[in-house]
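Here's the structure, in structure tokens; my notes come after.
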Amino acid sequence: MSRTFETVRENFIARYGKPAYSELIRDFIGGVSGQVSADRLGVTRERVRQWKGTFGFMVTTYTP
């Protein structure tokens, strides 16, 4: 884990709580719109996109 990840996670949990962090991660896994997550947390869609980049990565595959 990078220090950036740990710092951002700690700051997120301090502000929004562990349940909100777990729910955000589930949103990312489930493909929930960033706008839905943003509305729930009272932040911008851009902020959710930044968290998504910090908290994990996306793997995309192509199957013909």
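Naming works like this for the structure tokens: A, B, ... for the chains as they're shown, residue 1 at the start of each chain, ligands 1 onward in shown order.
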In chain A, DSSP helix (DSSP H, G or I) residues written as a CSV table (one decimal) with N, CA, C and O atoms, in the first residue's frame:
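Result went into out-v3.csv, see below:
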```csv
chain,number,residue,atom,x,y,z
A,3,ARG,N,1.8,5.2,0.6
A,3,ARG,CA,1.5,6.2,1.7
A,3,ARG,C,0.3,7.1,1.2
A,3,ARG,O,-0.5,7.5,2.0
A,4,THR,N,0.2,7.4,-0.1
A,4,THR,CA,-0.9,8.3,-0.5
A,4,THR,C,-2.2,7.6,-0.3
A,4,THR,O,-3.1,8.2,0.2
A,5,PHE,N,-2.3,6.3,-0.6
A,5,PHE,CA,-3.5,5.5,-0.4
A,5,PHE,C,-3.9,5.5,1.1
A,5,PHE,O,-5.0,5.8,1.4
A,6,GLU,N,-2.9,5.3,1.9
A,6,GLU,CA,-3.2,5.2,3.4
A,6,GLU,C,-3.7,6.6,3.9
A,6,GLU,O,-4.6,6.6,4.7
A,7,THR,N,-3.0,7.6,3.5
A,7,THR,CA,-3.4,9.0,3.9
A,7,THR,C,-4.8,9.3,3.5
A,7,THR,O,-5.6,9.8,4.2
A,8,VAL,N,-5.1,9.1,2.2
A,8,VAL,CA,-6.4,9.4,1.6
A,8,VAL,C,-7.5,8.6,2.3
A,8,VAL,O,-8.5,9.1,2.7
A,9,ARG,N,-7.2,7.3,2.5
A,9,ARG,CA,-8.1,6.4,3.2
A,9,ARG,C,-8.4,6.9,4.6
A,9,ARG,O,-9.6,7.0,5.1
A,10,GLU,N,-7.4,7.2,5.4
A,10,GLU,CA,-7.5,7.7,6.7
A,10,GLU,C,-8.3,9.0,6.8
A,10,GLU,O,-9.2,9.2,7.6
A,11,ASN,N,-8.0,9.9,5.9
A,11,ASN,CA,-8.8,11.2,5.8
A,11,ASN,C,-10.2,10.9,5.4
A,11,ASN,O,-11.1,11.6,6.0
A,12,PHE,N,-10.5,10.0,4.5
A,12,PHE,CA,-11.9,9.7,4.1
A,12,PHE,C,-12.6,9.2,5.3
A,12,PHE,O,-13.7,9.6,5.6
A,13,ILE,N,-12.0,8.2,6.0
A,13,ILE,CA,-12.7,7.6,7.1
A,13,ILE,C,-13.0,8.6,8.2
A,13,ILE,O,-14.0,8.6,8.9
A,14,ALA,N,-12.0,9.4,8.5
A,14,ALA,CA,-12.2,10.5,9.5
A,14,ALA,C,-13.3,11.4,9.2
A,14,ALA,O,-14.0,11.8,10.1
A,15,ARG,N,-13.5,11.7,7.9
A,15,ARG,CA,-14.6,12.6,7.6
A,15,ARG,C,-15.9,12.0,7.4
A,15,ARG,O,-17.0,12.5,7.8
A,16,TYR,N,-16.0,10.8,6.7
A,16,TYR,CA,-17.2,10.2,6.4
A,16,TYR,C,-17.6,8.9,7.1
A,16,TYR,O,-18.7,8.5,7.1
A,18,LYS,N,-16.2,4.7,8.5
A,18,LYS,CA,-15.9,3.4,7.8
A,18,LYS,C,-17.1,2.9,7.0
A,18,LYS,O,-16.9,2.3,5.9
A,19,PRO,N,-18.3,3.0,7.5
A,19,PRO,CA,-19.4,2.5,6.7
A,19,PRO,C,-19.5,3.2,5.3
A,19,PRO,O,-19.8,2.5,4.3
A,20,ALA,N,-19.2,4.5,5.2
A,20,ALA,CA,-19.3,5.2,4.0
A,20,ALA,C,-18.1,4.7,3.1
A,20,ALA,O,-18.3,4.6,1.8
A,21,TYR,N,-17.0,4.4,3.7
A,21,TYR,CA,-15.8,3.9,2.9
A,21,TYR,C,-16.2,2.6,2.3
A,21,TYR,O,-16.0,2.4,1.1
A,22,SER,N,-16.7,1.7,3.1
A,22,SER,CA,-17.1,0.4,2.6
A,22,SER,C,-18.2,0.5,1.5
A,22,SER,O,-18.1,-0.2,0.5
A,23,GLU,N,-19.1,1.4,1.7
A,23,GLU,CA,-20.2,1.6,0.7
A,23,GLU,C,-19.6,2.1,-0.6
A,23,GLU,O,-19.9,1.7,-1.7
A,24,LEU,N,-18.6,3.0,-0.5
A,24,LEU,CA,-18.0,3.6,-1.7
A,24,LEU,C,-17.2,2.5,-2.5
A,24,LEU,O,-17.3,2.4,-3.7
A,25,ILE,N,-16.5,1.7,-1.8
A,25,ILE,CA,-15.8,0.6,-2.4
A,25,ILE,C,-16.7,-0.4,-3.1
A,25,ILE,O,-16.5,-0.8,-4.2
A,26,ARG,N,-17.9,-0.7,-2.4
A,26,ARG,CA,-18.9,-1.5,-3.1
A,26,ARG,C,-19.5,-0.9,-4.3
A,26,ARG,O,-19.7,-1.5,-5.3
A,27,ASP,N,-19.6,0.5,-4.3
A,27,ASP,CA,-20.1,1.2,-5.5
A,27,ASP,C,-19.1,1.0,-6.6
A,27,ASP,O,-19.5,0.7,-7.7
A,28,PHE,N,-17.8,1.1,-6.3
A,28,PHE,CA,-16.8,1.0,-7.4
A,28,PHE,C,-16.9,-0.4,-8.0
A,28,PHE,O,-16.9,-0.6,-9.2
A,29,ILE,N,-17.0,-1.4,-7.1
A,29,ILE,CA,-17.0,-2.8,-7.6
A,29,ILE,C,-18.3,-3.1,-8.4
A,29,ILE,O,-18.2,-3.8,-9.4
A,30,GLY,N,-19.4,-2.5,-7.9
A,30,GLY,CA,-20.7,-2.8,-8.6
A,30,GLY,C,-20.9,-1.9,-9.8
A,30,GLY,O,-22.0,-2.0,-10.4
A,34,GLY,N,-20.6,7.4,-10.7
A,34,GLY,CA,-19.9,8.3,-9.8
A,34,GLY,C,-20.8,9.4,-9.3
A,34,GLY,O,-20.6,9.9,-8.2
A,35,GLN,N,-21.8,9.8,-10.1
A,35,GLN,CA,-22.7,10.9,-9.7
A,35,GLN,C,-23.6,10.4,-8.5
A,35,GLN,O,-23.9,11.2,-7.6
A,36,VAL,N,-24.0,9.2,-8.5
A,36,VAL,CA,-24.8,8.6,-7.4
A,36,VAL,C,-24.0,8.7,-6.1
A,36,VAL,O,-24.5,9.1,-5.1
A,37,SER,N,-22.7,8.2,-6.2
A,37,SER,CA,-21.9,8.2,-5.0
A,37,SER,C,-21.6,9.6,-4.5
A,37,SER,O,-21.6,9.9,-3.3
A,38,ALA,N,-21.4,10.5,-5.5
A,38,ALA,CA,-21.1,11.9,-5.2
A,38,ALA,C,-22.3,12.6,-4.5
A,38,ALA,O,-22.2,13.3,-3.4
A,39,ASP,N,-23.5,12.3,-5.0
A,39,ASP,CA,-24.7,12.9,-4.4
A,39,ASP,C,-24.9,12.4,-2.9
A,39,ASP,O,-25.2,13.1,-2.0
A,40,ARG,N,-24.6,11.1,-2.7
A,40,ARG,CA,-24.8,10.5,-1.4
A,40,ARG,C,-23.8,11.1,-0.4
A,40,ARG,O,-24.1,11.3,0.8
A,41,LEU,N,-22.6,11.4,-0.9
A,41,LEU,CA,-21.5,11.9,0.0
A,41,LEU,C,-21.5,13.4,0.1
A,41,LEU,O,-20.8,14.0,0.9
A,45,ARG,N,-18.7,14.8,-8.6
A,45,ARG,CA,-18.4,13.6,-9.3
A,45,ARG,C,-16.9,13.4,-9.6
A,45,ARG,O,-16.3,12.3,-9.5
A,46,GLU,N,-16.2,14.6,-9.8
A,46,GLU,CA,-14.8,14.6,-10.0
A,46,GLU,C,-14.0,14.0,-8.7
A,46,GLU,O,-13.1,13.3,-8.9
A,47,ARG,N,-14.5,14.4,-7.6
A,47,ARG,CA,-13.8,13.9,-6.3
A,47,ARG,C,-14.0,12.4,-6.2
A,47,ARG,O,-13.0,11.7,-5.8
A,48,VAL,N,-15.1,11.9,-6.6
A,48,VAL,CA,-15.3,10.4,-6.6
A,48,VAL,C,-14.4,9.8,-7.6
A,48,VAL,O,-13.8,8.7,-7.3
A,49,ARG,N,-14.2,10.4,-8.7
A,49,ARG,CA,-13.3,9.8,-9.7
A,49,ARG,C,-11.9,9.8,-9.2
A,49,ARG,O,-11.2,8.8,-9.4
A,50,GLN,N,-11.5,10.8,-8.5
A,50,GLN,CA,-10.2,10.9,-7.9
A,50,GLN,C,-10.0,9.8,-6.8
A,50,GLN,O,-9.0,9.1,-6.8
A,51,TRP,N,-11.0,9.6,-6.0
A,51,TRP,CA,-10.9,8.5,-5.0
A,51,TRP,C,-10.8,7.2,-5.7
A,51,TRP,O,-10.1,6.3,-5.2
A,52,LYS,N,-11.6,7.0,-6.7
A,52,LYS,CA,-11.5,5.7,-7.5
A,52,LYS,C,-10.1,5.4,-8.0
A,52,LYS,O,-9.7,4.3,-7.9
A,53,GLY,N,-9.4,6.5,-8.4
A,53,GLY,CA,-8.1,6.3,-8.9
A,53,GLY,C,-7.1,6.0,-7.8
A,53,GLY,O,-6.1,5.3,-7.9
A,54,THR,N,-7.4,6.5,-6.6
A,54,THR,CA,-6.5,6.3,-5.4
A,54,THR,C,-6.8,5.0,-4.7
A,54,THR,O,-5.8,4.3,-4.3
A,55,PHE,N,-8.0,4.6,-4.6
A,55,PHE,CA,-8.4,3.4,-3.8
A,55,PHE,C,-8.3,2.1,-4.6
A,55,PHE,O,-8.4,1.0,-4.0
```
